[in-house]
$ cat entry.pdb   # PDB, N, CA and C atoms
ATOM      1  N   MET A  15     -55.733  44.865-171.532  1.00  0.00           N
ATOM      2  CA  MET A  15     -54.557  44.223-172.098  1.00  0.00           C
ATOM      3  C   MET A  15     -53.325  45.077-171.809  1.00  0.00           C
ATOM      4  N   VAL A  16     -52.282  44.461-171.320  1.00  0.00           N
ATOM      5  CA  VAL A  16     -51.042  45.154-171.003  1.00  0.00           C
ATOM      6  C   VAL A  16     -50.167  45.162-172.253  1.00  0.00           C
ATOM      7  N   GLU A  17     -49.691  46.350-172.625  1.00  0.00           N
ATOM      8  CA  GLU A  17     -48.811  46.453-173.786  1.00  0.00           C
ATOM      9  C   GLU A  17     -47.442  45.888-173.447  1.00  0.00           C
ATOM     10  N   SER A  18     -46.857  45.221-174.405  1.00  0.00           N
ATOM     11  CA  SER A  18     -45.565  44.603-174.211  1.00  0.00           C
ATOM     12  C   SER A  18     -44.489  45.424-174.916  1.00  0.00           C
ATOM     13  N   TRP A  19     -43.651  46.112-174.134  1.00  0.00           N
ATOM     14  CA  TRP A  19     -42.579  46.940-174.686  1.00  0.00           C
ATOM     15  C   TRP A  19     -41.291  46.149-174.708  1.00  0.00           C
ATOM     16  N   MET A  20     -40.503  46.361-175.746  1.00  0.00           N
ATOM     17  CA  MET A  20     -39.244  45.646-175.918  1.00  0.00           C
ATOM     18  C   MET A  20     -38.092  46.639-176.070  1.00  0.00           C
ATOM     19  N   THR A  21     -36.912  46.212-175.668  1.00  0.00           N
ATOM     20  CA  THR A  21     -35.697  47.002-175.844  1.00  0.00           C
ATOM     21  C   THR A  21     -35.061  46.631-177.186  1.00  0.00           C
ATOM     22  N   VAL A  22     -34.011  47.346-177.553  1.00  0.00           N
ATOM     23  CA  VAL A  22     -33.264  47.024-178.772  1.00  0.00           C
ATOM     24  C   VAL A  22     -32.748  45.589-178.693  1.00  0.00           C
ATOM     25  N   ARG A  23     -32.225  45.220-177.563  1.00  0.00           N
ATOM     26  CA  ARG A  23     -31.700  43.855-177.369  1.00  0.00           C
ATOM     27  C   ARG A  23     -32.811  42.823-177.563  1.00  0.00           C
ATOM     28  N   ASP A  24     -33.990  43.092-176.979  1.00  0.00           N
ATOM     29  CA  ASP A  24     -35.121  42.177-177.113  1.00  0.00           C
ATOM     30  C   ASP A  24     -35.516  41.993-178.574  1.00  0.00           C
ATOM     31  N   VAL A  25     -35.629  43.114-179.308  1.00  0.00           N
ATOM     32  CA  VAL A  25     -36.044  43.060-180.713  1.00  0.00           C
ATOM     33  C   VAL A  25     -34.989  42.357-181.560  1.00  0.00           C
ATOM     34  N   ALA A  26     -33.729  42.631-181.293  1.00  0.00           N
ATOM     35  CA  ALA A  26     -32.650  41.980-182.040  1.00  0.00           C
ATOM     36  C   ALA A  26     -32.719  40.464-181.863  1.00  0.00           C
ATOM     37  N   LYS A  27     -32.924  40.033-180.653  1.00  0.00           N
ATOM     38  CA  LYS A  27     -33.031  38.599-180.386  1.00  0.00           C
ATOM     39  C   LYS A  27     -34.297  38.029-181.030  1.00  0.00           C
ATOM     40  N   TYR A  28     -35.406  38.730-180.912  1.00  0.00           N
ATOM     41  CA  TYR A  28     -36.693  38.293-181.453  1.00  0.00           C
ATOM     42  C   TYR A  28     -36.648  38.148-182.972  1.00  0.00           C
ATOM     43  N   LEU A  29     -36.022  39.107-183.659  1.00  0.00           N
ATOM     44  CA  LEU A  29     -35.955  39.090-185.119  1.00  0.00           C
ATOM     45  C   LEU A  29     -34.690  38.413-185.654  1.00  0.00           C
ATOM     46  N   GLN A  30     -33.811  38.006-184.747  1.00  0.00           N
ATOM     47  CA  GLN A  30     -32.538  37.369-185.096  1.00  0.00           C
ATOM     48  C   GLN A  30     -31.708  38.278-186.002  1.00  0.00           C
ATOM     49  N   LEU A  31     -31.600  39.536-185.589  1.00  0.00           N
ATOM     50  CA  LEU A  31     -30.780  40.539-186.268  1.00  0.00           C
ATOM     51  C   LEU A  31     -29.811  41.121-185.250  1.00  0.00           C
ATOM     52  N   SER A  32     -28.805  41.841-185.729  1.00  0.00           N
ATOM     53  CA  SER A  32     -27.859  42.468-184.809  1.00  0.00           C
ATOM     54  C   SER A  32     -28.495  43.697-184.164  1.00  0.00           C
ATOM     55  N   MET A  33     -27.988  44.051-183.006  1.00  0.00           N
ATOM     56  CA  MET A  33     -28.465  45.264-182.342  1.00  0.00           C
ATOM     57  C   MET A  33     -28.161  46.482-183.206  1.00  0.00           C
ATOM     58  N   ASP A  34     -27.013  46.488-183.876  1.00  0.00           N
ATOM     59  CA  ASP A  34     -26.662  47.606-184.760  1.00  0.00           C
ATOM     60  C   ASP A  34     -27.704  47.781-185.862  1.00  0.00           C
ATOM     61  N   MET A  35     -28.173  46.667-186.422  1.00  0.00           N
ATOM     62  CA  MET A  35     -29.177  46.730-187.482  1.00  0.00           C
ATOM     63  C   MET A  35     -30.495  47.298-186.933  1.00  0.00           C
ATOM     64  N   ILE A  36     -30.870  46.895-185.739  1.00  0.00           N
ATOM     65  CA  ILE A  36     -32.113  47.401-185.124  1.00  0.00           C
ATOM     66  C   ILE A  36     -31.996  48.899-184.882  1.00  0.00           C
ATOM     67  N   TYR A  37     -30.863  49.358-184.331  1.00  0.00           N
ATOM     68  CA  TYR A  37     -30.646  50.802-184.133  1.00  0.00           C
ATOM     69  C   TYR A  37     -30.766  51.547-185.454  1.00  0.00           C
ATOM     70  N   LYS A  38     -30.104  51.046-186.482  1.00  0.00           N
ATOM     71  CA  LYS A  38     -30.094  51.702-187.783  1.00  0.00           C
ATOM     72  C   LYS A  38     -31.504  51.787-188.361  1.00  0.00           C
ATOM     73  N   MET A  39     -32.243  50.689-188.312  1.00  0.00           N
ATOM     74  CA  MET A  39     -33.599  50.670-188.856  1.00  0.00           C
ATOM     75  C   MET A  39     -34.531  51.596-188.073  1.00  0.00           C
ATOM     76  N   ALA A  40     -34.366  51.651-186.768  1.00  0.00           N
ATOM     77  CA  ALA A  40     -35.191  52.543-185.942  1.00  0.00           C
ATOM     78  C   ALA A  40     -34.879  54.004-186.272  1.00  0.00           C
ATOM     79  N   GLN A  41     -33.598  54.345-186.368  1.00  0.00           N
ATOM     80  CA  GLN A  41     -33.193  55.719-186.669  1.00  0.00           C
ATOM     81  C   GLN A  41     -33.678  56.166-188.039  1.00  0.00           C
ATOM     82  N   GLN A  42     -33.745  55.243-188.991  1.00  0.00           N
ATOM     83  CA  GLN A  42     -34.183  55.557-190.348  1.00  0.00           C
ATOM     84  C   GLN A  42     -35.704  55.512-190.498  1.00  0.00           C
ATOM     85  N   GLY A  43     -36.411  55.139-189.434  1.00  0.00           N
ATOM     86  CA  GLY A  43     -37.858  55.056-189.496  1.00  0.00           C
ATOM     87  C   GLY A  43     -38.364  53.832-190.249  1.00  0.00           C
ATOM     88  N   LYS A  44     -37.520  52.846-190.434  1.00  0.00           N
ATOM     89  CA  LYS A  44     -37.903  51.629-191.160  1.00  0.00           C
ATOM     90  C   LYS A  44     -38.548  50.590-190.246  1.00  0.00           C
ATOM     91  N   LEU A  45     -38.442  50.797-188.952  1.00  0.00           N
ATOM     92  CA  LEU A  45     -38.975  49.877-187.960  1.00  0.00           C
ATOM     93  C   LEU A  45     -39.808  50.703-186.981  1.00  0.00           C
ATOM     94  N   PRO A  46     -41.022  50.261-186.637  1.00  0.00           N
ATOM     95  CA  PRO A  46     -41.840  51.046-185.711  1.00  0.00           C
ATOM     96  C   PRO A  46     -41.186  51.105-184.325  1.00  0.00           C
ATOM     97  N   ALA A  47     -40.882  52.306-183.875  1.00  0.00           N
ATOM     98  CA  ALA A  47     -40.171  52.482-182.608  1.00  0.00           C
ATOM     99  C   ALA A  47     -40.506  53.826-181.981  1.00  0.00           C
ATOM    100  N   SER A  48     -40.267  53.905-180.679  1.00  0.00           N
ATOM    101  CA  SER A  48     -40.407  55.162-179.941  1.00  0.00           C
ATOM    102  C   SER A  48     -39.086  55.433-179.243  1.00  0.00           C
ATOM    103  N   LYS A  49     -38.635  56.676-179.315  1.00  0.00           N
ATOM    104  CA  LYS A  49     -37.395  57.038-178.629  1.00  0.00           C
ATOM    105  C   LYS A  49     -37.774  57.799-177.368  1.00  0.00           C
ATOM    106  N   ILE A  50     -37.356  57.263-176.250  1.00  0.00           N
ATOM    107  CA  ILE A  50     -37.632  57.870-174.949  1.00  0.00           C
ATOM    108  C   ILE A  50     -36.292  58.284-174.368  1.00  0.00           C
ATOM    109  N   GLY A  51     -36.043  59.584-174.361  1.00  0.00           N
ATOM    110  CA  GLY A  51     -34.720  60.065-173.974  1.00  0.00           C
ATOM    111  C   GLY A  51     -33.715  59.582-174.999  1.00  0.00           C
ATOM    112  N   ALA A  52     -32.736  58.827-174.551  1.00  0.00           N
ATOM    113  CA  ALA A  52     -31.708  58.302-175.456  1.00  0.00           C
ATOM    114  C   ALA A  52     -31.956  56.833-175.796  1.00  0.00           C
ATOM    115  N   GLN A  53     -33.085  56.280-175.325  1.00  0.00           N
ATOM    116  CA  GLN A  53     -33.326  54.851-175.504  1.00  0.00           C
ATOM    117  C   GLN A  53     -34.494  54.588-176.442  1.00  0.00           C
ATOM    118  N   TRP A  54     -34.377  53.533-177.234  1.00  0.00           N
ATOM    119  CA  TRP A  54     -35.422  53.107-178.144  1.00  0.00           C
ATOM    120  C   TRP A  54     -36.281  52.048-177.469  1.00  0.00           C
ATOM    121  N   ARG A  55     -37.584  52.124-177.714  1.00  0.00           N
ATOM    122  CA  ARG A  55     -38.525  51.121-177.220  1.00  0.00           C
ATOM    123  C   ARG A  55     -39.459  50.730-178.362  1.00  0.00           C
ATOM    124  N   PHE A  56     -39.897  49.486-178.325  1.00  0.00           N
ATOM    125  CA  PHE A  56     -40.696  48.914-179.398  1.00  0.00           C
ATOM    126  C   PHE A  56     -41.879  48.175-178.794  1.00  0.00           C
ATOM    127  N   LYS A  57     -43.066  48.335-179.388  1.00  0.00           N
ATOM    128  CA  LYS A  57     -44.227  47.564-178.971  1.00  0.00           C
ATOM    129  C   LYS A  57     -44.195  46.244-179.733  1.00  0.00           C
ATOM    130  N   ARG A  58     -44.300  45.161-179.007  1.00  0.00           N
ATOM    131  CA  ARG A  58     -44.230  43.839-179.644  1.00  0.00           C
ATOM    132  C   ARG A  58     -45.316  43.688-180.708  1.00  0.00           C
ATOM    133  N   GLU A  59     -46.503  44.189-180.429  1.00  0.00           N
ATOM    134  CA  GLU A  59     -47.613  44.067-181.379  1.00  0.00           C
ATOM    135  C   GLU A  59     -47.288  44.798-182.687  1.00  0.00           C
ATOM    136  N   GLU A  60     -46.645  45.960-182.598  1.00  0.00           N
ATOM    137  CA  GLU A  60     -46.271  46.715-183.796  1.00  0.00           C
ATOM    138  C   GLU A  60     -45.162  46.005-184.573  1.00  0.00           C
ATOM    139  N   ILE A  61     -44.237  45.387-183.858  1.00  0.00           N
ATOM    140  CA  ILE A  61     -43.172  44.631-184.517  1.00  0.00           C
ATOM    141  C   ILE A  61     -43.775  43.439-185.260  1.00  0.00           C
ATOM    142  N   ASP A  62     -44.703  42.734-184.623  1.00  0.00           N
ATOM    143  CA  ASP A  62     -45.353  41.595-185.272  1.00  0.00           C
ATOM    144  C   ASP A  62     -46.092  42.026-186.535  1.00  0.00           C
ATOM    145  N   GLU A  63     -46.795  43.142-186.472  1.00  0.00           N
ATOM    146  CA  GLU A  63     -47.525  43.648-187.634  1.00  0.00           C
ATOM    147  C   GLU A  63     -46.549  44.066-188.741  1.00  0.00           C
ATOM    148  N   TRP A  64     -45.458  44.720-188.357  1.00  0.00           N
ATOM    149  CA  TRP A  64     -44.441  45.137-189.323  1.00  0.00           C
ATOM    150  C   TRP A  64     -43.861  43.919-190.046  1.00  0.00           C
ATOM    151  N   VAL A  65     -43.582  42.854-189.303  1.00  0.00           N
ATOM    152  CA  VAL A  65     -43.031  41.636-189.908  1.00  0.00           C
ATOM    153  C   VAL A  65     -44.018  41.086-190.939  1.00  0.00           C
ATOM    154  N   LYS A  66     -45.293  41.052-190.597  1.00  0.00           N
ATOM    155  CA  LYS A  66     -46.309  40.561-191.541  1.00  0.00           C
ATOM    156  C   LYS A  66     -46.314  41.389-192.821  1.00  0.00           C
ATOM    157  N   MET A  67     -46.116  42.683-192.700  1.00  0.00           N
ATOM    158  CA  MET A  67     -46.148  43.567-193.860  1.00  0.00           C
ATOM    159  C   MET A  67     -44.900  43.415-194.737  1.00  0.00           C
ATOM    160  N   GLN A  68     -43.851  42.795-194.214  1.00  0.00           N
ATOM    161  CA  GLN A  68     -42.609  42.628-194.965  1.00  0.00           C
ATOM    162  C   GLN A  68     -42.643  41.418-195.888  1.00  0.00           C
ATOM    163  N   ARG A  69     -43.649  40.582-195.735  1.00  0.00           N
ATOM    164  CA  ARG A  69     -43.744  39.385-196.573  1.00  0.00           C
ATOM    165  C   ARG A  69     -43.924  39.779-198.028  1.00  0.00           C
ATOM    166  N   PRO A  70     -43.247  39.072-198.928  1.00  0.00           N
ATOM    167  CA  PRO A  70     -43.425  39.370-200.344  1.00  0.00           C
ATOM    168  C   PRO A  70     -44.845  39.027-200.790  1.00  0.00           C
ATOM    169  N   ARG A  71     -45.363  39.852-201.666  1.00  0.00           N
ATOM    170  CA  ARG A  71     -46.705  39.608-202.181  1.00  0.00           C
ATOM    171  C   ARG A  71     -46.599  38.735-203.418  1.00  0.00           C
ATOM    172  N   VAL A  72     -47.351  37.689-203.443  1.00  0.00           N
ATOM    173  CA  VAL A  72     -47.330  36.768-204.567  1.00  0.00           C
ATOM    174  C   VAL A  72     -48.595  36.957-205.375  1.00  0.00           C
ATOM    175  N   TRP A  73     -48.396  37.180-206.674  1.00  0.00           N
ATOM    176  CA  TRP A  73     -49.531  37.373-207.565  1.00  0.00           C
ATOM    177  C   TRP A  73     -50.087  36.004-207.937  1.00  0.00           C
ATOM    178  N   LYS A  74     -51.379  35.837-207.769  1.00  0.00           N
ATOM    179  CA  LYS A  74     -52.008  34.552-208.071  1.00  0.00           C
ATOM    180  C   LYS A  74     -52.879  34.686-209.320  1.00  0.00           C
ATOM    181  N   GLY A  75     -52.237  35.037-210.407  1.00  0.00           N
ATOM    182  CA  GLY A  75     -52.955  35.189-211.675  1.00  0.00           C
ATOM    183  C   GLY A  75     -53.175  33.849-212.355  1.00  0.00           C
ATOM    184  N   LYS A  76     -53.971  33.873-213.422  1.00  0.00           N
ATOM    185  CA  LYS A  76     -54.275  32.625-214.146  1.00  0.00           C
ATOM    186  C   LYS A  76     -53.406  32.469-215.357  1.00  0.00           C
TER     187      LYS A  76
END

$ encode --input "entry.pdb" --output "structure tokens"
Amino acid sequence: MVESWMTVRDVAKYLQLSMDMIYKMAQQGKLPASKIGAQWRFKREEIDEWVKMQRPRVWKGK
């Protein structure tokens, strides 16, 4: 399986957020990212998993 790497622009478009927000979240460690030199890169699979983890948890009590 070939890993799918994304740029800041790709992630911003994918998540429908601004590039500034993606940079900020990556720098703060809030978004799974790798910094290569001066550029940020993101694995699509990690972004998808991160999005799933952001869903609010609903308690299904009786």

$ select_by_dssp --input "entry.pdb" --residues "chain A" --states "strand (DSSP E)" --output "short mmCIF file (atom, residue, chain, number, x, y, z; two decimals) with N, CA and C atoms, keeping the file's coordinate frame"
data_model
loop_
_atom_site.label_atom_id
_atom_site.label_comp_id
_atom_site.auth_asym_id
_atom_site.auth_seq_id
_atom_site.Cartn_x
_atom_site.Cartn_y
_atom_site.Cartn_z
N TRP A 19 -43.65 46.11 -174.13
CA TRP A 19 -42.58 46.94 -174.69
C TRP A 19 -41.29 46.15 -174.71
N MET A 20 -40.50 46.36 -175.75
CA MET A 20 -39.24 45.65 -175.92
C MET A 20 -38.09 46.64 -176.07
N SER A 48 -40.27 53.90 -180.68
CA SER A 48 -40.41 55.16 -179.94
C SER A 48 -39.09 55.43 -179.24
N LYS A 49 -38.64 56.68 -179.32
CA LYS A 49 -37.40 57.04 -178.63
C LYS A 49 -37.77 57.80 -177.37
N ILE A 50 -37.36 57.26 -176.25
CA ILE A 50 -37.63 57.87 -174.95
C ILE A 50 -36.29 58.28 -174.37
N GLN A 53 -33.08 56.28 -175.32
CA GLN A 53 -33.33 54.85 -175.50
C GLN A 53 -34.49 54.59 -176.44
N TRP A 54 -34.38 53.53 -177.23
CA TRP A 54 -35.42 53.11 -178.14
C TRP A 54 -36.28 52.05 -177.47
N ARG A 55 -37.58 52.12 -177.71
CA ARG A 55 -38.52 51.12 -177.22
C ARG A 55 -39.46 50.73 -178.36
N PHE A 56 -39.90 49.49 -178.32
CA PHE A 56 -40.70 48.91 -179.40
C PHE A 56 -41.88 48.18 -178.79
N LYS A 57 -43.07 48.34 -179.39
CA LYS A 57 -44.23 47.56 -178.97
C LYS A 57 -44.20 46.24 -179.73
#

$ atom_distance --input "entry.pdb" --atom1 "CA of Arg58 in chain A" --atom2 "CA of Pro70 in chain A"
21.2 Å

$ residues_around --input "entry.pdb" --residues "Val22 in chain A" --least-positions-apart "4" --cutoff "6 Å" --atoms "all atoms listed in the file" --output "list in words"
Ala26, Lys27, Met33, Trp54 and Arg55 of chain A

$ write_last_selection --input "entry.pdb" --atoms "N, CA and C atoms" --output "PDB file, keeping the file's coordinate frame"
ATOM      1  N   ALA A  26     -33.729  42.631-181.293  1.00  0.00           N
ATOM      2  CA  ALA A  26     -32.650  41.980-182.040  1.00  0.00           C
ATOM      3  C   ALA A  26     -32.719  40.464-181.863  1.00  0.00           C
ATOM      4  N   LYS A  27     -32.924  40.033-180.653  1.00  0.00           N
ATOM      5  CA  LYS A  27     -33.031  38.599-180.386  1.00  0.00           C
ATOM      6  C   LYS A  27     -34.297  38.029-181.030  1.00  0.00           C
ATOM      7  N   MET A  33     -27.988  44.051-183.006  1.00  0.00           N
ATOM      8  CA  MET A  33     -28.465  45.264-182.342  1.00  0.00           C
ATOM      9  C   MET A  33     -28.161  46.482-183.206  1.00  0.00           C
ATOM     10  N   TRP A  54     -34.377  53.533-177.234  1.00  0.00           N
ATOM     11  CA  TRP A  54     -35.422  53.107-178.144  1.00  0.00           C
ATOM     12  C   TRP A  54     -36.281  52.048-177.469  1.00  0.00           C
ATOM     13  N   ARG A  55     -37.584  52.124-177.714  1.00  0.00           N
ATOM     14  CA  ARG A  55     -38.525  51.121-177.220  1.00  0.00           C
ATOM     15  C   ARG A  55     -39.459  50.730-178.362  1.00  0.00           C
TER      16      ARG A  55
END

$ closest_residue --input "entry.pdb" --among "A:Val72, A:Ile61, A:Met35, A:Leu29" --to "Ala47 in chain A" --atoms "only C-alpha atoms"
A:Ile61

$ atom_distance --input "entry.pdb" --atom1 "atom N of Arg71 in chain A" --atom2 "atom N of Lys44 in chain A"
18.9 Å

$ atom_distance --input "entry.pdb" --atom1 "CA of Glu63 in chain A" --atom2 "CA of Asp24 in chain A"
16.3 Å

$ residues_around --input "entry.pdb" --residues "Gln53 in chain A" --least-positions-apart "3" --cutoff "10 Å" --atoms "only C-alpha atoms" --output "VMD selection string"
chain A and resid 21 to 22 37 48 to 50

$ select_by_dssp --input "entry.pdb" --residues "chain A" --states "alpha helix (DSSP H)" --output "list of chain:residue names"
A:Val22, A:Arg23, A:Asp24, A:Val25, A:Ala26, A:Lys27, A:Tyr28, A:Leu29, A:Met33, A:Asp34, A:Met35, A:Ile36, A:Tyr37, A:Lys38, A:Met39, A:Ala40, A:Gln41, A:Arg58, A:Glu59, A:Glu60, A:Ile61, A:Asp62, A:Glu63, A:Trp64, A:Val65, A:Lys66, A:Met67

$ axis_aligned_box --input "entry.pdb" --around "range 55-70 of chain A" --padding-each-side "5 Å" --output "lines of an AutoDock Vina configuration file"
center_x = -42.6
center_y = 45.6
center_z = -189.0
size_x = 20.0
size_y = 23.1
size_z = 33.6
